[in-house]
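K.L.:
Contents of protein.cif (mmCIF, C-alpha atoms) are below:
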```
data_target
loop_
_atom_site.label_atom_id
_atom_site.label_comp_id
_atom_site.auth_asym_id
_atom_site.auth_seq_id
_atom_site.Cartn_x
_atom_site.Cartn_y
_atom_site.Cartn_z
CA MET A 2 9.51 -45.03 -39.09
CA GLY A 3 7.34 -48.10 -38.84
CA GLY A 4 6.00 -48.91 -35.38
CA GLN A 5 8.46 -46.64 -33.64
CA THR A 6 7.28 -43.25 -32.40
CA SER A 7 9.45 -40.48 -33.77
CA ARG A 8 10.96 -37.94 -31.42
CA ARG A 9 8.76 -35.25 -32.92
CA GLU A 10 5.56 -37.23 -32.41
CA PHE A 11 6.55 -38.12 -28.89
CA LEU A 12 7.23 -34.51 -27.97
CA ALA A 13 3.98 -33.33 -29.50
CA ALA A 14 2.01 -35.96 -27.60
CA ALA A 15 3.81 -35.21 -24.33
CA GLY A 16 3.27 -31.48 -24.76
CA GLY A 17 -0.41 -32.01 -25.43
CA ALA A 18 -0.80 -34.19 -22.37
CA ALA A 19 0.99 -31.66 -20.17
CA ALA A 20 -1.15 -28.82 -21.50
CA GLY A 21 -4.26 -30.89 -20.83
CA LEU A 22 -3.14 -31.58 -17.26
CA GLY A 23 -2.32 -27.94 -16.71
CA LEU A 24 -5.70 -26.85 -17.95
CA ALA A 25 -7.49 -29.43 -15.82
CA SER A 26 -5.69 -28.34 -12.66
CA VAL A 27 -6.44 -24.69 -13.39
CA ILE A 28 -10.12 -25.49 -13.72
CA ALA A 29 -10.07 -27.54 -10.53
CA VAL A 30 -8.28 -24.91 -8.43
CA GLU A 31 -9.98 -21.82 -9.83
CA PRO A 32 -12.46 -20.40 -7.31
CA ALA A 33 -15.84 -19.11 -8.39
CA ARG A 34 -15.30 -16.03 -10.52
CA ALA A 35 -17.56 -13.27 -11.61
CA THR A 36 -17.52 -12.71 -15.34
CA PRO A 37 -17.90 -9.46 -17.29
CA ALA A 38 -21.47 -10.65 -17.93
CA ALA A 39 -22.09 -11.02 -14.20
CA MET A 40 -20.74 -7.53 -13.71
CA GLN A 41 -23.11 -6.16 -16.36
CA GLU A 42 -25.97 -7.89 -14.56
CA ALA A 43 -24.93 -6.39 -11.21
CA ILE A 44 -24.73 -2.95 -12.82
CA ARG A 45 -28.18 -3.43 -14.37
CA LYS A 46 -29.54 -4.25 -10.92
CA VAL A 47 -28.36 -0.85 -9.69
CA VAL A 48 -29.16 1.36 -12.68
CA GLY A 49 -32.32 -0.39 -13.86
CA ALA A 50 -33.33 0.59 -17.36
CA ALA A 51 -31.49 3.93 -17.26
CA ARG A 52 -28.75 4.79 -19.73
CA VAL A 53 -25.22 4.87 -18.37
CA ASN A 54 -23.17 7.77 -19.74
CA GLN A 55 -19.41 8.03 -19.76
CA GLY A 56 -17.61 10.58 -17.62
CA ARG A 57 -18.24 12.88 -14.62
CA VAL A 58 -17.02 10.30 -12.12
CA LYS A 59 -13.38 9.87 -11.24
CA LEU A 60 -11.82 6.65 -9.98
CA GLU A 61 -8.26 6.71 -8.74
CA LEU A 62 -6.54 3.35 -8.38
CA PRO A 63 -2.85 2.54 -8.67
CA PRO A 64 -2.24 1.17 -12.21
CA LEU A 65 0.06 -1.56 -10.86
CA VAL A 66 -0.81 -3.32 -7.62
CA GLU A 67 1.65 -5.58 -5.84
CA ASN A 68 -0.73 -6.89 -3.22
CA GLY A 69 -4.36 -7.38 -4.20
CA ASN A 70 -5.41 -7.83 -0.58
CA THR A 71 -5.50 -4.14 0.12
CA VAL A 72 -5.66 -1.67 -2.74
CA PRO A 73 -6.24 1.99 -1.88
CA LEU A 74 -8.73 3.81 -4.05
CA THR A 75 -10.56 7.12 -4.24
CA VAL A 76 -13.82 7.56 -6.09
CA SER A 77 -15.31 11.00 -6.56
CA ALA A 78 -17.67 12.99 -8.74
CA GLU A 79 -17.87 16.69 -9.51
CA SER A 80 -21.09 18.10 -8.15
CA PRO A 81 -22.31 21.28 -6.45
CA MET A 82 -23.95 19.02 -3.80
CA THR A 83 -27.07 21.13 -3.33
CA ALA A 84 -30.52 19.77 -2.52
CA ALA A 85 -31.51 20.15 -6.17
CA ASP A 86 -28.34 18.78 -7.73
CA HIS A 87 -26.24 16.27 -5.84
CA VAL A 88 -24.66 12.87 -6.15
CA LYS A 89 -26.95 10.28 -4.61
CA ALA A 90 -24.59 7.34 -4.74
CA LEU A 91 -21.29 6.00 -5.99
CA HIS A 92 -21.10 2.30 -6.81
CA LEU A 93 -18.04 0.14 -7.48
CA PHE A 94 -17.92 -3.07 -9.51
CA THR A 95 -15.23 -5.52 -10.54
CA GLU A 96 -14.97 -7.91 -13.42
CA LYS A 97 -13.08 -10.87 -12.04
CA ASN A 98 -13.44 -10.89 -8.25
CA PRO A 99 -15.59 -13.80 -7.00
CA GLN A 100 -18.54 -11.43 -6.93
CA PRO A 101 -18.96 -8.25 -8.99
CA ASP A 102 -20.21 -5.89 -6.25
CA VAL A 103 -17.59 -4.02 -4.24
CA ALA A 104 -19.44 -1.29 -2.41
CA SER A 105 -22.16 1.33 -2.68
CA PHE A 106 -21.73 4.70 -1.01
CA ARG A 107 -24.81 6.86 -0.49
CA PHE A 108 -24.71 10.60 0.04
CA GLY A 109 -27.08 13.44 0.74
CA PRO A 110 -26.58 17.12 -0.05
CA ARG A 111 -24.96 17.47 3.37
CA ALA A 112 -21.99 15.39 2.33
CA GLY A 113 -20.52 18.56 0.83
CA ARG A 114 -18.29 16.63 -1.52
CA ALA A 115 -19.02 13.37 -3.33
CA SER A 116 -15.74 11.68 -2.58
CA VAL A 117 -14.86 8.46 -0.77
CA ALA A 118 -11.55 6.77 -0.09
CA THR A 119 -11.36 3.12 0.93
CA ARG A 120 -9.33 -0.04 0.37
CA MET A 121 -10.46 -2.97 -1.72
CA ARG A 122 -9.43 -6.48 -2.71
CA LEU A 123 -8.54 -7.45 -6.26
CA ALA A 124 -8.44 -11.12 -7.22
CA ASP A 125 -6.84 -10.61 -10.61
CA THR A 126 -5.65 -8.13 -13.21
CA GLN A 127 -8.91 -6.60 -14.30
CA THR A 128 -11.13 -3.60 -14.93
CA VAL A 129 -12.80 -1.79 -12.04
CA ILE A 130 -15.90 0.26 -12.83
CA ALA A 131 -17.30 3.18 -10.85
CA ILE A 132 -20.86 4.34 -11.40
CA CYS A 133 -22.23 7.61 -10.13
CA GLU A 134 -25.95 8.16 -9.55
CA LEU A 135 -27.09 11.79 -9.66
CA SER A 136 -30.17 13.26 -8.02
CA ASP A 137 -31.73 13.87 -11.46
CA GLY A 138 -31.71 10.10 -12.04
CA SER A 139 -28.85 9.97 -14.54
CA PHE A 140 -25.93 7.55 -14.28
CA TRP A 141 -22.31 8.16 -15.18
CA SER A 142 -19.49 5.68 -15.25
CA THR A 143 -15.76 5.32 -15.63
CA SER A 144 -13.43 2.34 -15.66
CA VAL A 145 -9.82 1.74 -14.68
CA ASN A 146 -7.56 -1.15 -15.65
CA VAL A 147 -5.42 -2.51 -12.85
CA VAL A 148 -2.55 -4.96 -13.09
CA VAL A 149 -2.31 -7.17 -9.99
CA THR A 150 0.80 -9.20 -9.25
CA LEU A 151 -0.29 -10.88 -5.99
CA ALA A 152 -3.98 -11.72 -6.04
CA ALA A 153 -6.28 -11.54 -3.03
CA CYS A 154 -8.61 -14.31 -1.86
CA LEU A 155 -6.39 -17.24 -2.86
CA GLU A 156 -4.49 -18.12 0.31
CA GLU A 157 -5.82 -20.77 2.64
CA ALA A 158 -7.27 -19.77 5.96
CA MET B 21 -14.31 -2.08 22.65
CA ALA B 22 -11.90 0.34 21.23
CA ASN B 23 -11.37 -1.26 17.89
CA ALA B 24 -12.69 1.64 15.83
CA LEU B 25 -10.54 4.64 15.01
CA ILE B 26 -12.19 7.91 14.05
CA ASN B 27 -10.52 11.04 12.78
CA VAL B 28 -12.75 14.13 12.85
CA PRO B 29 -11.37 17.67 13.14
CA PRO B 30 -12.38 18.92 16.63
CA ARG B 31 -13.13 22.46 15.41
CA ALA B 32 -14.39 23.76 12.09
CA LYS B 33 -15.79 26.93 10.58
CA ARG B 34 -19.48 26.97 9.70
CA GLY B 35 -19.99 25.82 6.11
CA GLU B 36 -16.54 24.28 5.85
CA ILE B 37 -16.24 20.86 4.24
CA ILE B 38 -14.48 18.53 6.66
CA GLU B 39 -12.98 15.13 5.97
CA ILE B 40 -13.86 12.22 8.24
CA LYS B 41 -11.68 9.13 8.33
CA THR B 42 -12.79 5.86 9.91
CA LEU B 43 -11.00 2.60 10.45
CA ILE B 44 -12.32 -0.47 12.21
CA SER B 45 -10.62 -3.74 12.97
CA HIS B 46 -12.49 -6.59 11.33
CA PRO B 47 -11.27 -9.62 9.31
CA MET B 48 -13.83 -9.13 6.46
CA GLU B 49 -13.76 -12.88 5.80
CA THR B 50 -14.92 -13.23 2.20
CA GLY B 51 -16.61 -16.62 2.37
CA TYR B 52 -14.60 -17.74 -0.67
CA ARG B 53 -11.57 -19.08 1.19
CA ARG B 54 -11.04 -22.67 2.27
CA THR B 55 -9.03 -24.18 5.08
CA GLN B 56 -6.22 -26.65 4.38
CA LEU B 57 -8.76 -29.44 4.87
CA GLY B 58 -10.99 -27.99 2.18
CA ALA B 59 -13.77 -26.74 4.42
CA ALA B 60 -15.25 -23.43 3.33
CA VAL B 61 -14.67 -20.56 5.74
CA PRO B 62 -18.06 -18.90 6.29
CA ARG B 63 -18.50 -15.29 5.29
CA ASP B 64 -18.08 -12.74 8.05
CA ILE B 65 -18.10 -9.16 6.81
CA ILE B 66 -19.32 -5.73 7.78
CA ARG B 67 -22.29 -5.07 5.53
CA THR B 68 -23.27 -1.52 6.33
CA PHE B 69 -21.71 1.61 7.73
CA VAL B 70 -23.77 4.66 8.63
CA CYS B 71 -22.67 8.09 9.80
CA THR B 72 -25.16 10.49 11.39
CA TYR B 73 -24.59 14.15 12.26
CA ASN B 74 -26.77 15.22 15.20
CA GLY B 75 -29.21 12.45 14.27
CA THR B 76 -29.36 13.15 10.52
CA GLU B 77 -27.87 10.55 8.24
CA ILE B 78 -25.13 12.08 6.10
CA PHE B 79 -23.36 9.06 4.67
CA ARG B 80 -24.03 5.36 4.25
CA ALA B 81 -21.92 2.59 2.75
CA GLU B 82 -22.97 -0.91 1.74
CA LEU B 83 -19.95 -3.18 1.75
CA HIS B 84 -19.29 -6.50 0.03
CA PRO B 85 -16.49 -9.08 0.46
CA ALA B 86 -14.31 -7.11 -1.98
CA ILE B 87 -13.58 -4.53 0.70
CA ALA B 88 -10.21 -5.19 2.34
CA ALA B 89 -9.85 -6.38 5.92
CA ASN B 90 -10.03 -3.65 8.57
CA PRO B 91 -12.29 -1.42 6.46
CA PHE B 92 -11.04 2.13 6.04
CA ILE B 93 -13.60 4.65 4.82
CA ALA B 94 -12.92 8.35 4.37
CA PHE B 95 -15.65 10.76 3.32
CA SER B 96 -16.68 14.35 3.92
CA THR B 97 -19.47 16.49 5.26
CA VAL B 98 -20.35 20.15 5.68
CA ALA B 99 -19.81 21.46 9.21
CA THR B 100 -23.23 22.94 9.92
CA GLU B 101 -23.52 22.99 13.71
CA SER B 102 -21.73 21.89 16.85
CA GLY B 103 -22.66 18.44 17.99
CA THR B 104 -21.81 14.80 17.60
CA LEU B 105 -21.02 12.60 14.69
CA ALA B 106 -22.14 9.04 15.37
CA PHE B 107 -20.82 6.05 13.46
CA GLN B 108 -22.27 2.58 13.27
CA TRP B 109 -20.99 -0.57 11.61
CA THR B 110 -23.18 -3.65 11.32
CA GLY B 111 -22.38 -6.99 9.80
CA ASP B 112 -22.64 -10.77 9.74
CA ARG B 113 -22.92 -12.85 12.91
CA GLY B 114 -24.63 -9.98 14.71
CA PHE B 115 -21.61 -7.72 14.48
CA SER B 116 -22.36 -4.20 15.64
CA GLU B 117 -20.00 -1.44 16.67
CA THR B 118 -20.58 2.21 17.38
CA ALA B 119 -18.36 5.21 17.87
CA SER B 120 -18.88 8.93 18.12
CA ALA B 121 -16.91 12.14 17.91
CA ALA B 122 -17.71 15.67 19.03
CA ILE B 123 -17.24 18.68 16.80
CA THR B 124 -17.35 22.38 17.63
CA VAL B 125 -18.46 24.65 14.81
CA ASP B 126 -17.90 28.38 15.09
#
```
Take the structure in this file and express it as structure tokens.
P.N.:
Amino acid sequence: MGGQTSRREFLAAAGGAAAGLGLASVIAVEPARATPAAMQEAIRKVVGAARVNQGRVKLELPPLVENGNTVPLTVSAESPMTAADHVKALHLFTEKNPQPDVASFRFGPRAGRASVATRMRLADTQTVIAICELSDGSFWSTSVNVVVTLAACLEEA
Amino acid sequence: MANALINVPPRAKRGEIIEIKTLISHPMETGYRRTQLGAAVPRDIIRTFVCTYNGTEIFRAELHPAIAANPFIAFSTVATESGTLAFQWTGDRGFSETASAAITVD
């Protein structure tokens, strides 16, 4: 081979350079993102030191979302909704939106039913977590994986 | 300004659980977008929504930029007495909007 670069070496080098460029541009373009760790921190802020159990809360989101700018969802929890035993709040969190908080909904016993429907933004394919806070101070959670084909928040104003 | 839409059943039986749907026109600018020149677009969102039933708070929502533009919120309450349901949205840049709906309970 001598001083000449072989075809294989050339291709390997070119591929590496392209990958490097690609990576660099991704890092440059990528907006600020929340991480699963940031989400855990946001959840901690809401629940404090309490234990978060699985179940009791239901989160309905379409499994495949074409447009992340407006994603319909329903979050609800089974509860008799009496003064002694009711759902105090339902919280929503995301993993990869720019910020982990989505919304907090607060109820009293007069809500009758702990159920809210709204529309949210999703910046990426990710997990959405719903946390339910009961009047006895316990917390319950559920998570849903959503595949997003067109992300929100990326277009220019 | 009539940019809030409220859907409350006009009549209900006492003790019945009714669904309330609200929709308000608002861009919910996230604060994470940039213009073509690279300048950040400042955040402009509705931060809180409160619903009161004859003066008693029955539902409250704290919103973040992850709520879609023109926030739609549907929730429920127990029809206890005839009266008014009042709705208030408050947000960035001094945004404030109110609406109300009458309900007859028999």
K.L.:
When the cut-off is 10 Å and we count all atoms listed in the file, which residues of chain B are near chain A, given as a ChimeraX atom specification?
P.N.:
/B:35-43,49-61,67-70,73,76-100
K.L.:
At a cut-off of 10 Å around the point (-33.1, 15.6, -12.3) (file coordinates), what residues fall inside when counting only C-alpha atoms? I'd like the answer as an MDAnalysis selection string.
P.N.:
chainID A and resid 85:87 135:139
K.L.:
Take the residues from that selection and put them in a file with C-alpha atoms, as an mmCIF file, keeping the file's coordinate frame.
P.N.:
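The file below, part-v8.cif, is the result:
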```cif
data_model
loop_
_atom_site.group_PDB
_atom_site.id
_atom_site.type_symbol
_atom_site.label_atom_id
_atom_site.label_comp_id
_atom_site.auth_asym_id
_atom_site.auth_seq_id
_atom_site.Cartn_x
_atom_site.Cartn_y
_atom_site.Cartn_z
ATOM 1 C CA ALA A 85 -31.510 20.150 -6.170
ATOM 2 C CA ASP A 86 -28.340 18.780 -7.730
ATOM 3 C CA HIS A 87 -26.240 16.270 -5.840
ATOM 4 C CA LEU A 135 -27.090 11.790 -9.660
ATOM 5 C CA SER A 136 -30.170 13.260 -8.020
ATOM 6 C CA ASP A 137 -31.730 13.870 -11.460
ATOM 7 C CA GLY A 138 -31.710 10.100 -12.040
ATOM 8 C CA SER A 139 -28.850 9.970 -14.540
#
```
K.L.:
Expand the PyMOL selection byres ((chain A and resi 126) around 10) into the explicit residue set it covers here, and present it as a list in words.
P.N.:
Pro64, Leu65, Val66, Gly69, Glu96, Lys97, Asn98, Leu123, Ala124, Asp125, Gln127, Thr128, Val129, Asn146, Val147, Val148, Val149, Thr150, Leu151 and Ala152 of chain A
K.L.:
Mind giving me the straight-line distance from CA of Leu105 in chain B to CA of Ala122 in chain B in Å, one decimal?
P.N.:
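Going from CA of Leu105 in chain B over to CA of Ala122 in chain B covers 6.3 Å.
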K.L.:
Taking into account only C-alpha atoms, which residue in the set B:Thr110, B:Phe115, B:Asp126, B:Gly103 is nearest to Val28 in chain B?
P.N.:
B:Gly103
K.L.:
Any idea what the distance is between CA of Asn23 in chain B and CA of Asp64 in chain B?
P.N.:
16.5 Å
K.L.:
How far is it from CA of Val125 in chain B to CA of Asn74 in chain B, in Å with one decimal?
P.N.:
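If I compute the distance from CA of Val125 in chain B to CA of Asn74 in chain B, I get 12.6 Å.
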K.L.:
Return as a PDB file with C-alpha atoms, keeping the file's coordinate frame the set of residues that the PyMOL selection byres ((chain A and resi 78) around 8) yields on the displayed structure.
P.N.:
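Saved to result.pdb:
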```pdb
ATOM      1  CA  ARG A  57     -18.240  12.880 -14.620  1.00  0.00           C
ATOM      2  CA  VAL A  58     -17.020  10.300 -12.120  1.00  0.00           C
ATOM      3  CA  LYS A  59     -13.380   9.870 -11.240  1.00  0.00           C
ATOM      4  CA  VAL A  76     -13.820   7.560  -6.090  1.00  0.00           C
ATOM      5  CA  SER A  77     -15.310  11.000  -6.560  1.00  0.00           C
ATOM      6  CA  GLU A  79     -17.870  16.690  -9.510  1.00  0.00           C
ATOM      7  CA  SER A  80     -21.090  18.100  -8.150  1.00  0.00           C
ATOM      8  CA  VAL A  88     -24.660  12.870  -6.150  1.00  0.00           C
ATOM      9  CA  ALA A 115     -19.020  13.370  -3.330  1.00  0.00           C
ATOM     10  CA  SER A 116     -15.740  11.680  -2.580  1.00  0.00           C
ATOM     11  CA  CYS A 133     -22.230   7.610 -10.130  1.00  0.00           C
TER      12      CYS A 133
END
```
K.L.:
Quick one: of B:Ala24, B:Ile123, B:Thr72, B:Met48, who's nearest to Gly111 in chain B, counting only C-alpha atoms?
P.N.:
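Distance minimum relative to Gly111 in chain B lands on B:Met48.
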K.L.:
Leaving out Thr143 in chain A and any residue of its chain fewer than 3 positions from it, which residues lie within 8 Å of it when counting all atoms listed in the file, given as a list in words?
P.N.:
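The residues satisfying every condition are Gln55, Gly56, Val58, Lys59, Leu60, Ile130, Ala131 and Ile132 of chain A.
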K.L.:
Which residue, B:Ser45, B:Gln108, B:Ser102, B:Thr118, has the smallest gap to Pro30 in chain B when you use all atoms listed in the file?
P.N.:
B:Ser102
